[in-house]
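Listing of upload36.cif; format and content: mmCIF, C-alpha atoms.
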```cif
data_final
loop_
_atom_site.label_atom_id
_atom_site.label_comp_id
_atom_site.auth_asym_id
_atom_site.auth_seq_id
_atom_site.Cartn_x
_atom_site.Cartn_y
_atom_site.Cartn_z
CA MET A 1 97.71 -28.59 163.57
CA THR A 2 98.64 -27.30 167.02
CA VAL A 3 98.54 -23.65 167.91
CA GLN A 4 100.48 -22.20 170.80
CA ARG A 5 98.63 -20.20 173.40
CA GLY A 6 98.82 -16.47 172.85
CA LYS A 7 99.27 -16.68 169.08
CA LYS A 8 96.52 -16.09 166.55
CA LEU A 9 95.74 -18.62 163.89
CA SER A 10 96.84 -17.16 160.53
CA ILE A 11 95.58 -18.68 157.29
CA SER A 12 96.91 -17.65 153.90
CA ILE A 13 94.60 -16.66 151.07
CA GLN A 14 95.56 -19.82 149.16
CA GLU A 15 94.54 -22.00 152.11
CA HIS A 16 91.35 -20.02 152.55
CA MET A 17 90.33 -20.54 148.91
CA ALA A 18 91.23 -24.21 149.09
CA ILE A 19 89.08 -24.72 152.18
CA ASP A 20 86.05 -22.78 150.94
CA VAL A 21 86.07 -23.61 147.25
CA CYS A 22 87.64 -27.05 147.03
CA PRO A 23 86.40 -29.11 149.94
CA GLY A 24 86.69 -32.34 147.95
CA PRO A 25 88.46 -33.69 144.89
CA ILE A 26 88.73 -31.30 141.96
CA ARG A 27 86.41 -32.16 139.07
CA PRO A 28 86.43 -30.61 135.58
CA ILE A 29 83.80 -27.98 134.92
CA ARG A 30 81.17 -29.27 132.55
CA GLN A 31 80.40 -27.24 129.41
CA ILE A 32 76.99 -26.31 128.15
CA SER A 33 77.57 -28.49 125.06
CA ALA A 34 77.64 -31.52 127.33
CA TYR A 35 73.97 -30.98 128.19
CA PHE A 36 72.97 -30.70 124.49
CA PRO A 37 74.96 -33.28 122.48
CA ARG A 38 74.94 -32.86 118.68
CA LEU A 39 73.49 -36.19 117.65
CA SER A 40 72.74 -37.32 114.13
CA PRO A 41 69.02 -37.80 113.38
CA THR A 42 69.83 -41.30 112.06
CA SER A 43 72.05 -42.37 114.95
CA PRO A 44 70.42 -44.36 117.82
CA THR A 45 69.65 -42.52 121.01
CA PRO A 46 72.29 -43.37 123.62
CA THR A 47 70.98 -45.02 126.74
CA SER A 48 72.34 -44.07 130.07
CA PRO A 49 74.39 -46.88 131.62
CA ASN A 50 73.38 -48.37 134.95
CA PRO A 51 75.35 -46.61 137.69
CA ALA A 52 75.19 -49.73 139.85
CA LEU A 53 77.15 -51.77 137.29
CA SER A 54 79.87 -49.18 136.92
CA PRO A 55 82.92 -49.89 139.10
CA ASN A 56 83.60 -46.19 139.76
CA PRO A 57 80.36 -44.36 139.25
CA SER A 58 80.81 -40.65 138.91
CA PRO A 59 78.08 -38.23 139.90
CA VAL A 60 75.93 -36.89 137.09
CA ALA A 61 74.84 -33.28 137.13
CA LEU A 62 71.14 -32.80 137.36
CA SER A 63 69.43 -31.37 134.30
CA PRO A 64 66.95 -28.51 134.49
CA PRO A 65 63.58 -29.84 135.62
CA ALA A 66 61.60 -28.11 132.87
CA ALA A 67 63.68 -29.56 130.08
CA ALA A 68 63.88 -33.00 131.63
CA GLY A 69 60.23 -33.67 131.05
CA VAL A 70 60.48 -32.83 127.36
CA GLY A 71 63.31 -34.96 126.03
CA GLY A 72 64.09 -37.34 128.85
CA PRO A 73 66.94 -37.18 131.36
CA HIS A 74 69.39 -39.06 129.16
CA LEU A 75 69.39 -36.30 126.46
CA LEU A 76 69.93 -33.41 128.84
CA SER A 77 72.52 -35.03 131.08
CA PRO A 78 76.19 -34.45 130.30
CA LEU A 79 78.16 -37.33 128.83
CA ARG A 80 80.12 -39.27 131.42
CA ALA A 81 83.82 -38.69 131.51
CA HIS A 82 84.47 -42.19 132.89
CA GLY A 83 82.90 -45.59 132.59
CA ARG A 84 81.63 -47.23 129.45
CA TRP A 85 81.09 -44.01 127.47
CA GLY A 86 84.73 -43.06 127.60
CA GLY A 87 86.02 -46.10 125.71
CA ALA A 88 85.88 -47.17 122.10
CA GLY A 89 82.17 -46.47 121.92
CA SER A 90 82.85 -42.79 122.53
CA SER A 91 85.19 -42.49 119.53
CA SER A 92 82.76 -44.26 117.21
CA GLN A 93 79.91 -42.11 118.40
CA ASN A 94 81.90 -38.91 117.93
CA SER A 95 82.93 -39.95 114.44
CA SER A 96 79.32 -40.56 113.45
CA MET A 97 78.32 -37.20 114.80
CA ASP A 98 81.13 -35.39 112.94
CA THR A 99 80.16 -37.06 109.67
CA SER A 100 76.53 -36.05 109.95
CA VAL A 101 77.40 -32.47 110.84
CA GLU A 102 79.80 -32.19 107.91
CA ILE A 103 77.18 -33.37 105.41
CA ASN A 104 74.32 -31.29 106.76
CA SER A 105 76.27 -28.09 107.41
CA ASP A 106 76.14 -25.15 105.02
CA ASP A 107 79.87 -24.52 105.23
CA SER A 108 80.87 -27.81 103.67
CA ASP A 109 77.94 -28.82 101.51
CA ASP A 110 78.11 -31.59 98.97
CA CYS A 111 80.24 -30.89 95.91
CA THR A 112 77.34 -31.70 93.58
CA ALA A 113 74.75 -29.56 95.38
CA LEU A 114 75.09 -26.83 92.73
CA GLY A 115 75.70 -29.14 89.78
CA THR A 116 78.57 -30.11 87.50
CA LEU A 117 79.91 -28.47 84.34
CA GLU A 118 81.62 -30.23 81.45
CA PHE A 119 83.66 -28.26 78.90
CA GLU A 120 86.79 -28.33 76.70
CA LEU A 121 89.59 -25.81 76.19
CA ARG A 122 92.01 -25.58 73.27
CA TYR A 123 94.71 -22.95 72.69
CA ASP A 124 95.64 -22.38 69.04
CA GLN A 125 99.12 -20.93 69.25
CA SER A 126 99.45 -20.05 65.55
CA CYS A 127 96.50 -17.62 65.54
CA SER A 128 96.57 -16.75 69.29
CA GLU A 129 93.03 -17.99 69.94
CA LEU A 130 91.52 -19.77 72.93
CA HIS A 131 88.55 -21.96 72.04
CA CYS A 132 86.15 -22.70 74.91
CA THR A 133 83.56 -25.38 74.12
CA MET A 134 80.69 -25.56 76.60
CA LEU A 135 79.38 -29.12 76.46
CA ARG A 136 76.80 -29.74 79.18
CA ALA A 137 75.78 -29.24 82.80
CA LYS A 138 74.18 -31.84 85.06
CA GLY A 139 72.21 -31.64 88.29
CA LEU A 140 71.97 -27.86 88.44
CA LYS A 141 70.37 -26.27 91.47
CA PRO A 142 66.69 -25.32 90.87
CA MET A 143 66.29 -21.54 90.83
CA ASP A 144 62.69 -20.98 89.66
CA PHE A 145 59.33 -21.68 91.26
CA ASN A 146 58.68 -24.58 88.90
CA GLY A 147 61.72 -26.43 90.26
CA LEU A 148 63.80 -25.78 87.12
CA ALA A 149 66.20 -23.13 85.84
CA ASP A 150 67.07 -21.17 82.67
CA PRO A 151 70.87 -21.62 82.68
CA TYR A 152 73.58 -20.01 80.58
CA VAL A 153 77.37 -19.85 80.95
CA LYS A 154 79.35 -16.63 81.21
CA LEU A 155 83.14 -16.51 80.72
CA HIS A 156 85.67 -14.02 82.11
CA LEU A 157 89.45 -13.83 82.07
CA LEU A 158 91.08 -13.05 85.42
CA PRO A 159 92.71 -10.81 86.44
CA GLY A 160 91.19 -7.85 84.62
CA ALA A 161 87.64 -9.16 84.21
CA SER A 162 85.44 -6.62 82.42
CA LYS A 163 82.76 -6.42 79.78
CA ALA A 164 85.49 -6.39 77.15
CA ASN A 165 86.50 -10.02 77.78
CA LYS A 166 83.07 -11.42 78.69
CA LEU A 167 81.64 -14.19 76.52
CA LYS A 168 78.21 -15.74 76.93
CA THR A 169 76.42 -18.84 75.68
CA LYS A 170 72.78 -19.13 74.69
CA THR A 171 70.12 -19.69 77.36
CA ILE A 172 68.40 -23.07 77.65
CA ARG A 173 64.88 -22.79 79.10
CA ASN A 174 63.47 -25.00 81.88
CA SER A 175 66.36 -27.39 82.30
CA LEU A 176 68.57 -28.77 85.05
CA ASN A 177 70.59 -31.05 82.74
CA THR A 178 71.54 -28.63 80.01
CA VAL A 179 73.35 -29.34 76.74
CA TRP A 180 74.94 -26.37 74.94
CA ASN A 181 77.63 -27.75 72.57
CA GLU A 182 78.64 -24.15 71.89
CA THR A 183 82.16 -22.86 71.22
CA LEU A 184 83.24 -19.40 72.41
CA THR A 185 86.55 -18.00 71.15
CA TYR A 186 88.95 -15.52 72.72
CA SER A 187 91.20 -13.80 70.18
CA GLY A 188 94.57 -12.23 70.91
CA ILE A 189 95.55 -14.60 73.72
CA THR A 190 99.33 -14.58 74.06
CA GLU A 191 101.59 -17.15 75.69
CA GLU A 192 102.03 -14.80 78.63
CA ASP A 193 98.25 -14.76 79.10
CA MET A 194 98.22 -18.55 79.15
CA HIS A 195 100.71 -18.54 82.04
CA ARG A 196 99.14 -15.84 84.20
CA LYS A 197 95.42 -15.76 83.35
CA THR A 198 92.58 -17.77 84.89
CA LEU A 199 89.32 -18.59 83.13
CA ARG A 200 86.22 -18.12 85.27
CA LEU A 201 83.13 -20.01 84.12
CA THR A 202 79.94 -18.80 85.77
CA VAL A 203 76.62 -20.60 85.40
CA CYS A 204 73.68 -18.23 85.89
CA ASP A 205 69.90 -18.46 85.81
CA GLU A 206 68.26 -15.95 83.49
CA ASP A 207 65.19 -14.09 84.79
CA LYS A 208 63.33 -11.72 82.49
CA LEU A 209 61.53 -9.80 85.23
CA THR A 210 64.27 -9.66 87.87
CA HIS A 211 68.05 -9.78 87.87
CA ASN A 212 69.84 -12.95 86.85
CA GLU A 213 70.85 -15.28 89.68
CA LEU A 214 74.18 -17.01 90.16
CA ILE A 215 74.07 -20.81 90.36
CA GLY A 216 77.78 -21.56 90.71
CA GLU A 217 81.18 -21.04 89.16
CA SER A 218 84.38 -22.87 88.31
CA ARG A 219 87.89 -21.47 87.77
CA VAL A 220 90.59 -23.01 85.61
CA PRO A 221 94.19 -21.67 85.36
CA LEU A 222 95.06 -21.46 81.68
CA LYS A 223 98.53 -22.84 82.35
CA ARG A 224 96.89 -26.27 82.62
CA VAL A 225 96.09 -26.10 78.90
CA LYS A 226 98.93 -27.06 76.55
CA ALA A 227 99.30 -25.40 73.18
CA ASN A 228 97.49 -27.04 70.25
CA GLN A 229 95.96 -29.72 72.50
CA THR A 230 92.34 -30.12 73.57
CA LYS A 231 91.87 -30.38 77.34
CA HIS A 232 88.66 -31.89 78.72
CA PHE A 233 87.28 -30.69 82.08
CA HIS A 234 84.46 -32.05 84.26
CA THR A 235 84.23 -29.89 87.38
CA CYS A 236 81.81 -29.31 90.24
CA LEU A 237 80.29 -25.87 90.52
CA GLU A 238 81.23 -23.94 93.64
CA HIS A 239 80.14 -20.81 95.45
CA PRO A 240 82.22 -17.72 94.57
CA PRO A 241 84.97 -17.00 97.11
CA PRO A 242 83.98 -14.42 99.74
CA LEU A 243 85.44 -10.97 99.44
CA PRO A 244 87.67 -9.70 102.28
CA SER A 245 85.82 -7.49 104.74
CA PRO A 246 88.29 -5.34 106.69
CA GLY A 247 85.52 -3.66 108.69
CA ALA A 248 84.46 -6.94 110.28
CA MET A 249 87.89 -7.76 111.69
CA GLY A 250 88.82 -7.37 115.31
CA GLU A 251 91.29 -5.00 116.83
CA ALA A 252 93.97 -7.67 116.75
CA LEU A 253 93.92 -7.59 112.93
CA ARG A 254 94.07 -3.82 112.45
CA GLY A 255 97.35 -4.05 110.58
CA ILE A 256 95.96 -6.58 108.13
CA SER A 257 92.80 -4.49 107.83
CA CYS A 258 94.77 -1.41 106.80
CA TYR A 259 96.75 -3.48 104.31
CA LEU A 260 93.56 -4.85 102.76
CA ARG A 261 92.11 -1.37 102.43
CA GLU A 262 95.21 -0.22 100.56
CA TRP A 263 95.03 -3.32 98.37
CA GLU A 264 91.37 -2.66 97.52
CA ASN A 265 92.16 0.96 96.63
CA GLU A 266 94.93 -0.19 94.32
CA GLN A 267 92.53 -2.61 92.66
CA LEU A 268 89.99 0.15 92.11
CA HIS A 269 92.58 2.43 90.51
CA SER A 270 94.28 -0.31 88.51
CA LEU A 271 94.21 -0.27 84.73
CA GLU A 272 91.12 -1.78 83.18
CA GLU A 273 91.45 -4.04 80.17
CA ARG A 274 89.49 -2.61 77.23
CA GLY A 275 90.25 -5.14 74.49
CA ARG A 276 93.08 -6.38 72.25
CA LEU A 277 94.85 -4.83 69.24
CA LEU A 278 96.78 -6.75 66.57
CA LEU A 279 99.61 -4.56 65.33
CA ALA A 280 102.38 -5.26 62.78
CA LEU A 281 105.59 -3.19 62.50
CA GLN A 282 108.32 -3.15 59.88
CA PHE A 283 111.34 -0.89 59.53
CA ARG A 284 112.25 -0.58 55.88
CA PRO A 285 115.90 0.33 55.33
CA PRO A 286 116.84 2.95 52.73
CA VAL A 287 116.92 1.72 49.13
CA CYS A 288 119.63 2.84 46.68
CA PRO A 289 118.46 4.38 43.38
CA ASP A 290 120.05 1.56 41.42
CA ASP A 291 118.19 -1.01 43.48
CA ALA A 292 114.97 0.93 43.03
CA GLU A 293 115.38 0.96 39.23
CA ALA A 294 116.18 -2.76 39.25
CA ASP A 295 112.97 -3.40 41.18
CA GLY A 296 110.97 -1.47 38.60
CA GLY A 297 110.60 1.65 40.69
CA GLY A 298 112.55 4.02 38.48
CA GLY A 299 111.52 7.57 37.81
CA GLY A 300 111.08 8.39 41.49
CA GLY A 301 107.98 6.24 41.81
CA GLY A 302 109.46 3.92 44.46
CA ARG A 303 110.11 4.79 48.09
CA ARG A 304 113.88 5.32 48.39
CA SER A 305 114.23 6.54 51.98
CA GLY A 306 113.85 4.27 54.97
CA GLY A 307 111.06 4.46 57.46
CA LEU A 308 108.59 2.73 59.73
CA CYS A 309 105.57 0.95 58.32
CA VAL A 310 102.67 0.41 60.76
CA ALA A 311 99.92 -2.06 59.85
CA VAL A 312 96.73 -1.93 61.91
CA LYS A 313 95.26 -5.41 61.48
CA ARG A 314 92.28 -5.86 63.78
CA CYS A 315 90.86 -5.47 67.28
CA ALA A 316 89.15 -8.05 69.47
CA HIS A 317 86.81 -7.89 72.47
CA LEU A 318 86.59 -4.11 72.58
CA ALA A 319 84.62 -2.44 75.35
CA ALA A 320 81.06 -1.48 74.41
CA MET A 321 80.71 2.30 74.54
CA ASP A 322 77.23 2.77 73.05
CA VAL A 323 73.83 2.01 74.54
CA ASN A 324 73.18 -0.67 71.91
CA GLY A 325 76.01 -2.78 73.36
CA PHE A 326 78.42 -2.07 70.50
CA SER A 327 80.96 0.55 69.46
CA ASP A 328 81.91 2.37 66.26
CA PRO A 329 85.70 1.97 66.57
CA TYR A 330 88.56 3.53 64.65
CA VAL A 331 92.31 3.70 65.33
CA LYS A 332 94.62 6.72 65.56
CA ILE A 333 98.41 6.52 65.56
CA TYR A 334 101.07 9.13 66.38
CA LEU A 335 104.86 9.08 66.24
CA LYS A 336 106.03 11.45 68.98
CA PRO A 337 107.54 13.81 69.78
CA ASP A 338 105.78 15.44 66.85
CA ILE A 339 106.71 19.11 66.70
CA GLN A 340 105.14 19.79 63.31
CA LYS A 341 102.04 17.72 64.16
CA LYS A 342 102.15 15.75 60.92
CA SER A 343 102.41 12.23 62.26
CA LYS A 344 98.71 11.65 62.88
CA HIS A 345 97.00 8.86 60.91
CA LYS A 346 93.47 7.45 61.22
CA THR A 347 91.75 4.34 60.03
CA ALA A 348 88.22 4.08 58.74
CA VAL A 349 85.31 3.82 61.19
CA MET A 350 83.75 0.38 61.58
CA LYS A 351 80.07 0.55 62.56
CA LYS A 352 78.46 -1.50 65.34
CA THR A 353 81.18 -4.01 66.11
CA LEU A 354 83.46 -5.04 68.95
CA ASN A 355 85.78 -7.10 66.73
CA PRO A 356 86.66 -4.80 63.79
CA GLU A 357 89.09 -5.66 61.00
CA PHE A 358 90.98 -2.69 59.53
CA ASN A 359 93.97 -4.07 57.55
CA GLU A 360 95.37 -0.59 56.87
CA GLU A 361 99.04 0.42 56.58
CA PHE A 362 100.73 3.74 57.34
CA PHE A 363 104.32 4.84 56.62
CA TYR A 364 106.62 7.22 58.51
CA GLU A 365 109.75 8.37 56.70
CA ILE A 366 112.44 8.33 59.37
CA SER A 367 115.92 6.98 59.99
CA LEU A 368 116.67 4.14 62.37
CA SER A 369 118.65 6.34 64.78
CA GLU A 370 115.80 8.83 65.03
CA LEU A 371 113.20 6.07 65.36
CA ALA A 372 114.96 4.71 68.46
CA LYS A 373 114.17 8.03 70.20
CA LYS A 374 110.52 8.12 69.17
CA THR A 375 107.34 6.76 70.76
CA LEU A 376 104.55 5.16 68.76
CA GLU A 377 101.20 5.87 70.37
CA VAL A 378 98.21 3.84 69.19
CA THR A 379 94.71 4.58 70.47
CA VAL A 380 91.27 3.17 69.72
CA TRP A 381 88.24 5.47 69.79
CA ASP A 382 84.48 5.13 69.52
CA TYR A 383 83.00 7.49 66.94
CA ASP A 384 79.96 9.49 68.07
CA LEU A 385 78.09 11.78 65.70
CA GLY A 386 77.69 15.30 67.04
CA ARG A 387 79.54 14.60 70.29
CA SER A 388 83.11 14.10 71.41
CA ASN A 389 84.41 10.66 70.61
CA ASP A 390 84.84 8.16 73.46
CA PHE A 391 88.25 6.77 74.30
CA ILE A 392 88.30 2.96 74.36
CA GLY A 393 91.95 2.10 74.98
CA GLY A 394 95.53 2.61 73.91
CA VAL A 395 99.11 1.35 73.97
CA CYS A 396 102.53 3.05 73.68
CA LEU A 397 105.59 1.44 72.05
CA SER A 398 109.08 2.82 72.65
CA CYS A 399 112.41 1.97 74.24
CA ARG A 400 110.93 3.12 77.57
CA SER A 401 107.96 0.76 77.42
CA GLN A 402 107.58 -2.51 79.31
CA GLY A 403 106.41 -6.03 78.62
CA ASP A 404 105.02 -6.92 75.20
CA ALA A 405 105.18 -3.33 73.98
CA LEU A 406 108.94 -3.15 74.63
CA ARG A 407 109.58 -6.56 73.07
CA HIS A 408 107.59 -5.65 69.97
CA TRP A 409 109.45 -2.35 69.56
CA MET A 410 112.90 -3.89 70.01
CA ASP A 411 112.12 -6.75 67.61
CA CYS A 412 111.12 -4.20 65.00
CA LEU A 413 114.38 -2.26 65.37
CA LYS A 414 116.53 -5.40 65.26
CA ASN A 415 114.82 -7.16 62.35
CA LYS A 416 115.08 -4.71 59.47
CA GLY A 417 112.86 -5.41 56.49
CA ARG A 418 110.79 -8.01 58.37
CA TRP A 419 107.22 -7.74 59.59
CA VAL A 420 106.85 -8.25 63.35
CA GLU A 421 103.28 -8.94 64.47
CA ARG A 422 102.00 -9.00 68.04
CA TRP A 423 98.80 -8.63 70.04
CA HIS A 424 98.61 -5.81 72.59
CA ILE A 425 96.28 -5.27 75.55
CA LEU A 426 94.37 -1.98 75.43
CA THR A 427 94.11 -0.22 78.78
CA ASN A 428 91.98 2.71 79.90
CA GLU A 429 95.03 4.90 80.51
CA LEU A 430 94.79 8.02 78.34
CA PRO A 431 98.10 9.88 77.82
CA ARG A 432 97.95 13.64 78.36
CA SER A 433 99.13 14.35 74.84
CA PHE A 434 96.06 12.73 73.25
CA GLY A 435 93.14 14.78 72.09
CA HIS A 436 89.59 14.02 71.04
CA ASP A 437 89.92 15.05 67.41
#
```
Step by step, read the file and then write its structure as structure tokens.
Amino acid sequence: MTVQRGKKLSISIQEHMAIDVCPGPIRPIRQISAYFPRLSPTSPTPTSPNPALSPNPSPVALSPPAAAGVGGPHLLSPLRAHGRWGGAGSSSQNSSMDTSVEINSDDSDDCTALGTLEFELRYDQSCSELHCTMLRAKGLKPMDFNGLADPYVKLHLLPGASKANKLKTKTIRNSLNTVWNETLTYSGITEEDMHRKTLRLTVCDEDKLTHNELIGESRVPLKRVKANQTKHFHTCLEHPPPLPSPGAMGEALRGISCYLREWENEQLHSLEERGRLLLALQFRPPVCPDDAEADGGGGGGGRRSGGLCVAVKRCAHLAAMDVNGFSDPYVKIYLKPDIQKKSKHKTAVMKKTLNPEFNEEFFYEISLSELAKKTLEVTVWDYDLGRSNDFIGGVCLSCRSQGDALRHWMDCLKNKGRWVERWHILTNELPRSFGHD
């Protein structure tokens, strides 16, 4: 480059950086992982190729002198980007390394590391029961100091898992290959539950001195089970899915973090499932006096006016309200609005049970047009001597209800003289009009 006399030599900043920083050919910057390759303990140690035999030997960065004496220069030198290591041998070596890391890593451990669980499910549509038969478990993870475990299986229905729908098998002591052959039954399971519910099977280790430890779990959507058919399952136990942690997210996910906080608050305030109630309704149309005498009800002994007959059959999987793990349940029903406060009926109290059978009927004398404007409120209570009774759960049936409650009410109004029976989910929502009497 020639420069005329009297003019200064001007160099741009790009030329200056190119001269000072890049005096030779540009080479890629080596990463720290190149100095410490993740090799499998079983794979052979790679030997450094002879630079003299390589047609285009590339310079190798020098390793730190202190570390070179410990493991040898070939372990602390970065892998060559050219030459013999960049061919097919490189792909095979990388594949062997990936396989070893996948097996030994905690994030993707072996599917049988926690054990396997074998069980059967059967849905009896006629009586609305789900039969869960726990057969056996194999290769469970040791949880005690003696290298064994004391396993049992715990069942929950999701969503809405609570103590009301928890079932538990017996505990087998000192075993890693456990055989239960025990059948647990859920009552009051509707077809809607079979489409939207998921059964969670949790295998735990029982400890008498400390809290019980979780071994693993398995989840099965109930829609995989066909009605009146036995379905066999043999699944691997897995770790429970991690809960979302909005506080650990970065600033880039603030919007998702706020959404998750709102979702968690909704879950905390959502209705809790407190059990099931089997209810039967029948609207009896008015009976003429001639028909009553023909039926043998002459003399005013028979019921001649129409009305609603409510049959409280039974409850299943009620929430335990007492310290002994049971409840003393009874049922109250109202037909509201009740200006004269004469619509209240109560069943008998069943002592120390979570699955009571009442089989009691109550009658309300009312016309069909008036009944369409009413609301039937059914609540289940736990009787406590000397204290206020505890509310377990309730359900409301009217033309303004939703879901199964609305369908049950409309079927009753449409099918006169016929019994309509349906299971209802009891929630912890207490209407303002209820009292503790």
Point to revise | Exercise: Glu377 of chain A partners within 8 Å, all atoms listed in the file, chain neighbours under 6 positions left out, as a PyMOL selection string | key: chain A and resi 333-336+394-397
Check your understanding: On this structure, which residues satisfy the PyMOL selection byres ((chain A and resi 186) around 10), written as a PyMOL selection string?
Key -> chain A and resi 123+128-132+155+157+165-167+184-185+187-189+316-317
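Here the question is which of A:Lys351, A:Arg422, A:Lys168, A:Lys374 gets nearest to Arg400 of chain A using only C-alpha atoms, and that residue is A:Lys374.
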For the structure shown, which residues end up in the PyMOL selection byres ((chain A and resi 404-409) around 12)? Put them as a PDB file with C-alpha atoms, in the coordinates of the input, please?
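out.pdb was written with the following content:
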```pdb
ATOM      1  CA  THR A 190      99.330 -14.580  74.060  1.00  0.00           C
ATOM      2  CA  GLU A 191     101.590 -17.150  75.690  1.00  0.00           C
ATOM      3  CA  GLU A 192     102.030 -14.800  78.630  1.00  0.00           C
ATOM      4  CA  ASP A 193      98.250 -14.760  79.100  1.00  0.00           C
ATOM      5  CA  LEU A 277      94.850  -4.830  69.240  1.00  0.00           C
ATOM      6  CA  LEU A 278      96.780  -6.750  66.570  1.00  0.00           C
ATOM      7  CA  LEU A 279      99.610  -4.560  65.330  1.00  0.00           C
ATOM      8  CA  ALA A 280     102.380  -5.260  62.780  1.00  0.00           C
ATOM      9  CA  LEU A 281     105.590  -3.190  62.500  1.00  0.00           C
ATOM     10  CA  GLN A 282     108.320  -3.150  59.880  1.00  0.00           C
ATOM     11  CA  PHE A 283     111.340  -0.890  59.530  1.00  0.00           C
ATOM     12  CA  LEU A 308     108.590   2.730  59.730  1.00  0.00           C
ATOM     13  CA  VAL A 310     102.670   0.410  60.760  1.00  0.00           C
ATOM     14  CA  LEU A 371     113.200   6.070  65.360  1.00  0.00           C
ATOM     15  CA  ALA A 372     114.960   4.710  68.460  1.00  0.00           C
ATOM     16  CA  LYS A 373     114.170   8.030  70.200  1.00  0.00           C
ATOM     17  CA  LYS A 374     110.520   8.120  69.170  1.00  0.00           C
ATOM     18  CA  THR A 375     107.340   6.760  70.760  1.00  0.00           C
ATOM     19  CA  LEU A 376     104.550   5.160  68.760  1.00  0.00           C
ATOM     20  CA  GLU A 377     101.200   5.870  70.370  1.00  0.00           C
ATOM     21  CA  VAL A 378      98.210   3.840  69.190  1.00  0.00           C
ATOM     22  CA  GLY A 394      95.530   2.610  73.910  1.00  0.00           C
ATOM     23  CA  VAL A 395      99.110   1.350  73.970  1.00  0.00           C
ATOM     24  CA  CYS A 396     102.530   3.050  73.680  1.00  0.00           C
ATOM     25  CA  LEU A 397     105.590   1.440  72.050  1.00  0.00           C
ATOM     26  CA  SER A 398     109.080   2.820  72.650  1.00  0.00           C
ATOM     27  CA  CYS A 399     112.410   1.970  74.240  1.00  0.00           C
ATOM     28  CA  ARG A 400     110.930   3.120  77.570  1.00  0.00           C
ATOM     29  CA  SER A 401     107.960   0.760  77.420  1.00  0.00           C
ATOM     30  CA  GLN A 402     107.580  -2.510  79.310  1.00  0.00           C
ATOM     31  CA  GLY A 403     106.410  -6.030  78.620  1.00  0.00           C
ATOM     32  CA  MET A 410     112.900  -3.890  70.010  1.00  0.00           C
ATOM     33  CA  ASP A 411     112.120  -6.750  67.610  1.00  0.00           C
ATOM     34  CA  CYS A 412     111.120  -4.200  65.000  1.00  0.00           C
ATOM     35  CA  LEU A 413     114.380  -2.260  65.370  1.00  0.00           C
ATOM     36  CA  LYS A 414     116.530  -5.400  65.260  1.00  0.00           C
ATOM     37  CA  ASN A 415     114.820  -7.160  62.350  1.00  0.00           C
ATOM     38  CA  LYS A 416     115.080  -4.710  59.470  1.00  0.00           C
ATOM     39  CA  TRP A 419     107.220  -7.740  59.590  1.00  0.00           C
ATOM     40  CA  VAL A 420     106.850  -8.250  63.350  1.00  0.00           C
ATOM     41  CA  GLU A 421     103.280  -8.940  64.470  1.00  0.00           C
ATOM     42  CA  ARG A 422     102.000  -9.000  68.040  1.00  0.00           C
ATOM     43  CA  TRP A 423      98.800  -8.630  70.040  1.00  0.00           C
ATOM     44  CA  HIS A 424      98.610  -5.810  72.590  1.00  0.00           C
ATOM     45  CA  ILE A 425      96.280  -5.270  75.550  1.00  0.00           C
ATOM     46  CA  LEU A 426      94.370  -1.980  75.430  1.00  0.00           C
TER      47      LEU A 426
END
```
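A straight line drawn from atom CA of Ala149 of chain A to atom CA of Glu217 of chain A is 15.5 Å long.
The residue that comes closest to Trp180 of chain A, out of A:Thr133, A:Asn428, A:Thr210, A:Ser369 and on the basis of only C-alpha atoms, is A:Thr133.
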Exercise for review: Give as a PyMOL selection string the residues that the PyMOL selection byres ((chain A and resi 284) around 6) matches when applied to the coordinates above.
Suggested key: chain A and resi 283+285+306-307+417
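Take atom CA of Lys344 of chain A and atom CA of Arg418 of chain A: the distance between them is 23.5 Å.
Of the listed residues (A:Asn228, A:Asn146, A:Thr183, A:Thr353), A:Asn228 comes nearest to Cys127 of chain A; the distances count all atoms listed in the file.
The gap separating atom CA of Arg276 of chain A from atom CA of Cys204 of chain A is 26.5 Å, in Å to one decimal.
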Practice item. Please provide the set of residues having any atom within 10 Å of Arg136 of chain A, restricted to all atoms listed in the file, with same-chain residues fewer than 4 positions apart removed, written as a ChimeraX atom specification. Key: /A:116-119,177-182,234
